[in-house]
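K.L.:
Submitted below is the structure of interest, expressed as structure tokens.
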Amino acid sequence: MKLPVVLAVLLGTLVVACSSATHTPNIDATIEARVGQILTKIPTETPIPTFTPVPTAPPSTSEEGLAPNFSFNLYQGEDILGPETKQLSQLRGTPVVLNFWARLCPPCWTEMPELQEFSKEFQDQIILLGIDIGQFTGLGPPRDASKLLDSMGITYPAGFTDDGDVVEKYKVLAMPTTVFIDGQGRIFQKWTGALDRGTVTRLAKAMLDQDVD
């Protein structure tokens with residue numbers, strides 16, 4: 001085979017190989033995750049903790065035997081809690097379901113509609129408060145969290161805290177984590193993992209029954 005013919009064959013091979021090469025995805029490629037009625041974009045490199053939903057040991061209480069206090073700012077819910085509510089301790093006297101969540105936490109999205117329905121049913125007996133701690137868990141800063149709540153139709157009180165100690169105080173080992181606090185401000189139960197409506201209702205009723213007793 002003559003040299004020009006060899007060169008022509010090699011060149012043709014390169015053209016075919018280049019035209020059929022698979023495009024390498026960009027590192028910032030996103031995946032689509034459907035949660036309820038919305039479609040949300042999540043960076044594929046975001047680490048998502050895995051866990052089995054189980055009731056876990058209650059966090060350490062404060063010196064007074066009460067759930068650790070912390071300050072927060074509300075994304076929404078001032079009409080329920082009042083514009084002056086900035087501390088967890090201000091809610092004492094009413095049972096609280098304290099839900100730690102984050103914007104880039106798919107299991108958190110899964111339980112939000114369940115918590116929304118629970119909140120509607122128990123709004124006269126229990127305060128449901130969602131606190132975004134994504135900035136401390138690598139699951140997103142507060143910047144766009146309120147948009148997620150709006151897109152999912154979530155209306156119960158939710159906000160964020162700048163107190164990074166809450167992760168240690170409440171022993172948040174995975175997301176989401178929910179803490180049931182009775183009317184006296186004491187921790188009744190802690191749940192690690194996504195909650196369904198049946199489970200959150202069962203635990204809330206047990207907490208209410210305890211307050212009655």
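Note on naming: chains are A, B, ... as they come in the structure tokens, residues start from 1 per chain, ligands start from 1 in the order shown.
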Pick out the residues sitting within 10 Å of segment 156-168 of chain A, and hand them over as a ChimeraX atom specification; count only C-alpha atoms, and ignore anything fewer than 6 positions along from it in its own chain.

P.N.:
/A:59-60,68-81,86-87,98-102,112,115-120,123,127-137,141-142,145-146,149,174

K.L.:
Export, as a PDB file, in the first residue's frame, the selected residues with C-alpha atoms.

P.N.:
ATOM      1  CA  PRO A  59     -30.061  15.061  72.551  1.00  0.00           C
ATOM      2  CA  SER A  60     -28.478  16.381  75.704  1.00  0.00           C
ATOM      3  CA  PRO A  68     -31.251  23.620  73.994  1.00  0.00           C
ATOM      4  CA  ASN A  69     -32.244  27.139  73.048  1.00  0.00           C
ATOM      5  CA  PHE A  70     -31.062  28.867  69.858  1.00  0.00           C
ATOM      6  CA  SER A  71     -31.949  31.911  67.798  1.00  0.00           C
ATOM      7  CA  PHE A  72     -33.404  31.785  64.294  1.00  0.00           C
ATOM      8  CA  ASN A  73     -34.724  33.947  61.478  1.00  0.00           C
ATOM      9  CA  LEU A  74     -37.939  33.055  59.697  1.00  0.00           C
ATOM     10  CA  TYR A  75     -38.399  32.559  55.964  1.00  0.00           C
ATOM     11  CA  GLN A  76     -42.123  32.347  56.605  1.00  0.00           C
ATOM     12  CA  GLY A  77     -44.622  31.849  59.409  1.00  0.00           C
ATOM     13  CA  GLU A  78     -44.606  35.231  61.135  1.00  0.00           C
ATOM     14  CA  ASP A  79     -48.391  35.155  60.860  1.00  0.00           C
ATOM     15  CA  ILE A  80     -48.348  32.033  63.046  1.00  0.00           C
ATOM     16  CA  LEU A  81     -45.451  32.651  65.431  1.00  0.00           C
ATOM     17  CA  LYS A  86     -36.602  34.794  67.341  1.00  0.00           C
ATOM     18  CA  GLN A  87     -35.738  32.206  70.004  1.00  0.00           C
ATOM     19  CA  LEU A  98     -38.670  20.869  65.421  1.00  0.00           C
ATOM     20  CA  ASN A  99     -37.585  19.707  61.979  1.00  0.00           C
ATOM     21  CA  PHE A 100     -33.981  20.213  60.828  1.00  0.00           C
ATOM     22  CA  TRP A 101     -33.772  20.242  57.023  1.00  0.00           C
ATOM     23  CA  ALA A 102     -31.717  21.605  54.126  1.00  0.00           C
ATOM     24  CA  MET A 112     -42.278  18.123  53.487  1.00  0.00           C
ATOM     25  CA  LEU A 115     -45.367  17.534  57.396  1.00  0.00           C
ATOM     26  CA  GLN A 116     -47.552  20.118  55.650  1.00  0.00           C
ATOM     27  CA  GLU A 117     -50.621  17.896  56.056  1.00  0.00           C
ATOM     28  CA  PHE A 118     -49.680  17.151  59.651  1.00  0.00           C
ATOM     29  CA  SER A 119     -49.316  20.865  60.385  1.00  0.00           C
ATOM     30  CA  LYS A 120     -52.795  21.595  59.031  1.00  0.00           C
ATOM     31  CA  GLN A 123     -52.094  23.587  63.991  1.00  0.00           C
ATOM     32  CA  ILE A 127     -46.199  24.214  66.400  1.00  0.00           C
ATOM     33  CA  LEU A 128     -44.279  22.693  63.503  1.00  0.00           C
ATOM     34  CA  LEU A 129     -41.035  24.613  62.956  1.00  0.00           C
ATOM     35  CA  GLY A 130     -38.617  23.800  60.133  1.00  0.00           C
ATOM     36  CA  ILE A 131     -35.054  25.029  60.638  1.00  0.00           C
ATOM     37  CA  ASP A 132     -32.662  25.016  57.688  1.00  0.00           C
ATOM     38  CA  ILE A 133     -29.135  23.975  58.760  1.00  0.00           C
ATOM     39  CA  GLY A 134     -27.795  23.324  55.272  1.00  0.00           C
ATOM     40  CA  GLN A 135     -24.983  25.823  55.705  1.00  0.00           C
ATOM     41  CA  PHE A 136     -23.542  23.642  58.489  1.00  0.00           C
ATOM     42  CA  THR A 137     -24.014  20.271  56.767  1.00  0.00           C
ATOM     43  CA  PRO A 141     -26.782  28.005  52.165  1.00  0.00           C
ATOM     44  CA  PRO A 142     -30.017  29.779  53.138  1.00  0.00           C
ATOM     45  CA  ALA A 145     -34.197  27.844  50.513  1.00  0.00           C
ATOM     46  CA  SER A 146     -37.330  29.989  50.663  1.00  0.00           C
ATOM     47  CA  LEU A 149     -40.673  26.167  50.165  1.00  0.00           C
ATOM     48  CA  ALA A 174     -28.167  12.697  59.278  1.00  0.00           C
TER      49      ALA A 174
END

K.L.:
Just how far from atom CA of Pro107 of chain A is atom CA of Ala67 of chain A, in Å to one decimal?

P.N.:
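Going from atom CA of Ala67 of chain A over to atom CA of Pro107 of chain A, I get 24.6 Å.
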
K.L.:
Could you give me the residues within segment 98-177 of chain A that DSSP places in strand (DSSP E), as a PyMOL selection string?

P.N.:
chain A and resi 98-101+127-132+158-160+177

K.L.:
Any chance you can output those residues with N, CA and C atoms as a PDB file, in the first residue's frame?

P.N.:
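Result written to out.pdb:
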ATOM      1  N   LEU A  98     -39.798  20.121  65.980  1.00  0.00           N
ATOM      2  CA  LEU A  98     -38.670  20.869  65.421  1.00  0.00           C
ATOM      3  C   LEU A  98     -37.997  20.022  64.349  1.00  0.00           C
ATOM      4  N   ASN A  99     -38.082  20.479  63.116  1.00  0.00           N
ATOM      5  CA  ASN A  99     -37.585  19.707  61.979  1.00  0.00           C
ATOM      6  C   ASN A  99     -36.356  20.380  61.377  1.00  0.00           C
ATOM      7  N   PHE A 100     -35.212  19.701  61.440  1.00  0.00           N
ATOM      8  CA  PHE A 100     -33.981  20.213  60.828  1.00  0.00           C
ATOM      9  C   PHE A 100     -33.902  19.690  59.397  1.00  0.00           C
ATOM     10  N   TRP A 101     -33.758  20.600  58.431  1.00  0.00           N
ATOM     11  CA  TRP A 101     -33.772  20.242  57.023  1.00  0.00           C
ATOM     12  C   TRP A 101     -32.738  21.076  56.266  1.00  0.00           C
ATOM     13  N   ILE A 127     -46.912  23.364  67.354  1.00  0.00           N
ATOM     14  CA  ILE A 127     -46.199  24.214  66.400  1.00  0.00           C
ATOM     15  C   ILE A 127     -45.181  23.358  65.654  1.00  0.00           C
ATOM     16  N   LEU A 128     -45.283  23.340  64.339  1.00  0.00           N
ATOM     17  CA  LEU A 128     -44.279  22.693  63.503  1.00  0.00           C
ATOM     18  C   LEU A 128     -43.318  23.785  63.020  1.00  0.00           C
ATOM     19  N   LEU A 129     -42.039  23.619  63.325  1.00  0.00           N
ATOM     20  CA  LEU A 129     -41.035  24.613  62.956  1.00  0.00           C
ATOM     21  C   LEU A 129     -39.904  23.938  62.194  1.00  0.00           C
ATOM     22  N   GLY A 130     -39.713  24.326  60.942  1.00  0.00           N
ATOM     23  CA  GLY A 130     -38.617  23.800  60.133  1.00  0.00           C
ATOM     24  C   GLY A 130     -37.427  24.739  60.188  1.00  0.00           C
ATOM     25  N   ILE A 131     -36.266  24.214  60.554  1.00  0.00           N
ATOM     26  CA  ILE A 131     -35.054  25.029  60.638  1.00  0.00           C
ATOM     27  C   ILE A 131     -34.018  24.497  59.643  1.00  0.00           C
ATOM     28  N   ASP A 132     -33.635  25.341  58.723  1.00  0.00           N
ATOM     29  CA  ASP A 132     -32.662  25.016  57.688  1.00  0.00           C
ATOM     30  C   ASP A 132     -31.245  25.107  58.275  1.00  0.00           C
ATOM     31  N   ALA A 158     -41.022  28.235  58.929  1.00  0.00           N
ATOM     32  CA  ALA A 158     -39.702  27.701  58.580  1.00  0.00           C
ATOM     33  C   ALA A 158     -38.706  28.855  58.502  1.00  0.00           C
ATOM     34  N   GLY A 159     -37.482  28.553  58.849  1.00  0.00           N
ATOM     35  CA  GLY A 159     -36.443  29.575  58.822  1.00  0.00           C
ATOM     36  C   GLY A 159     -35.072  28.941  58.896  1.00  0.00           C
ATOM     37  N   PHE A 160     -34.091  29.727  59.299  1.00  0.00           N
ATOM     38  CA  PHE A 160     -32.730  29.222  59.415  1.00  0.00           C
ATOM     39  C   PHE A 160     -32.085  29.801  60.663  1.00  0.00           C
ATOM     40  N   THR A 177     -33.604  15.531  60.462  1.00  0.00           N
ATOM     41  CA  THR A 177     -33.730  15.096  61.854  1.00  0.00           C
ATOM     42  C   THR A 177     -34.865  15.891  62.485  1.00  0.00           C
TER      43      THR A 177
END

K.L.:
Neighbouring residues of Gln125 of chain A were defined as those with any atom within 12 Å, considering only C-alpha atoms; residues of the same chain fewer than 3 positions away were excluded. Please report them as JSON, numbers by chain.

P.N.:
{"A": [93, 94, 95, 96, 97, 118, 119, 120, 121, 122, 128, 182, 183, 201, 204, 205, 207, 208, 209, 211]}

K.L.:
Would you mind exporting the chosen residues as a JSON list (two decimals), in the first residue's frame, restricted to C-alpha atoms?

P.N.:
[["chain", "number", "residue", "atom", "x", "y", "z"],
["A", 93, "GLY", "CA", -45.94, 26.47, 76.65],
["A", 94, "THR", "CA", -46.86, 24.86, 73.33],
["A", 95, "PRO", "CA", -45.56, 21.49, 72.07],
["A", 96, "VAL", "CA", -43.13, 21.87, 69.17],
["A", 97, "VAL", "CA", -42.11, 19.54, 66.37],
["A", 118, "PHE", "CA", -49.68, 17.15, 59.65],
["A", 119, "SER", "CA", -49.32, 20.87, 60.38],
["A", 120, "LYS", "CA", -52.80, 21.60, 59.03],
["A", 121, "GLU", "CA", -54.31, 18.88, 61.20],
["A", 122, "PHE", "CA", -52.53, 19.83, 64.44],
["A", 128, "LEU", "CA", -44.28, 22.69, 63.50],
["A", 182, "ASP", "CA", -43.32, 18.94, 74.84],
["A", 183, "GLY", "CA", -45.22, 21.91, 76.19],
["A", 201, "THR", "CA", -48.87, 11.84, 63.90],
["A", 204, "ALA", "CA", -47.09, 13.80, 68.24],
["A", 205, "LYS", "CA", -50.15, 12.19, 69.81],
["A", 207, "MET", "CA", -46.32, 13.59, 73.23],
["A", 208, "LEU", "CA", -49.70, 15.29, 73.69],
["A", 209, "ASP", "CA", -50.94, 12.38, 75.82],
["A", 211, "ASP", "CA", -48.60, 16.45, 78.53]]

K.L.:
Quick one, how far is atom CA of Gly140 of chain A from atom CA of Thr199 of chain A?

P.N.:
27.0 Å

K.L.:
I need the helix (DSSP H, G or I) residues of segment 67-213 of chain A per DSSP on the backbone, written as JSON, numbers by chain.

P.N.:
{"A": [78, 79, 80, 81, 88, 89, 90, 91, 106, 107, 108, 109, 110, 111, 112, 113, 114, 115, 116, 117, 118, 119, 120, 121, 122, 134, 135, 136, 137, 142, 143, 144, 145, 146, 147, 148, 149, 150, 151, 152, 166, 167, 168, 169, 197, 198, 199, 200, 201, 202, 203, 204, 205, 206, 207, 208, 209, 210, 211, 212]}

K.L.:
When you count only C-alpha atoms, which of these residues is closest to Cys108 of chain A: A:Ala206, A:Ile187, A:Gly198, A:Pro176?

P.N.:
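That would be A:Pro176, the residue with the smallest distance to Cys108 of chain A.
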
K.L.:
In Å, with one decimal, what is the gap from atom CA of Arg143 of chain A to atom CA of Cys105 of chain A?

P.N.:
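Here the two named atoms are 14.8 Å from each other.
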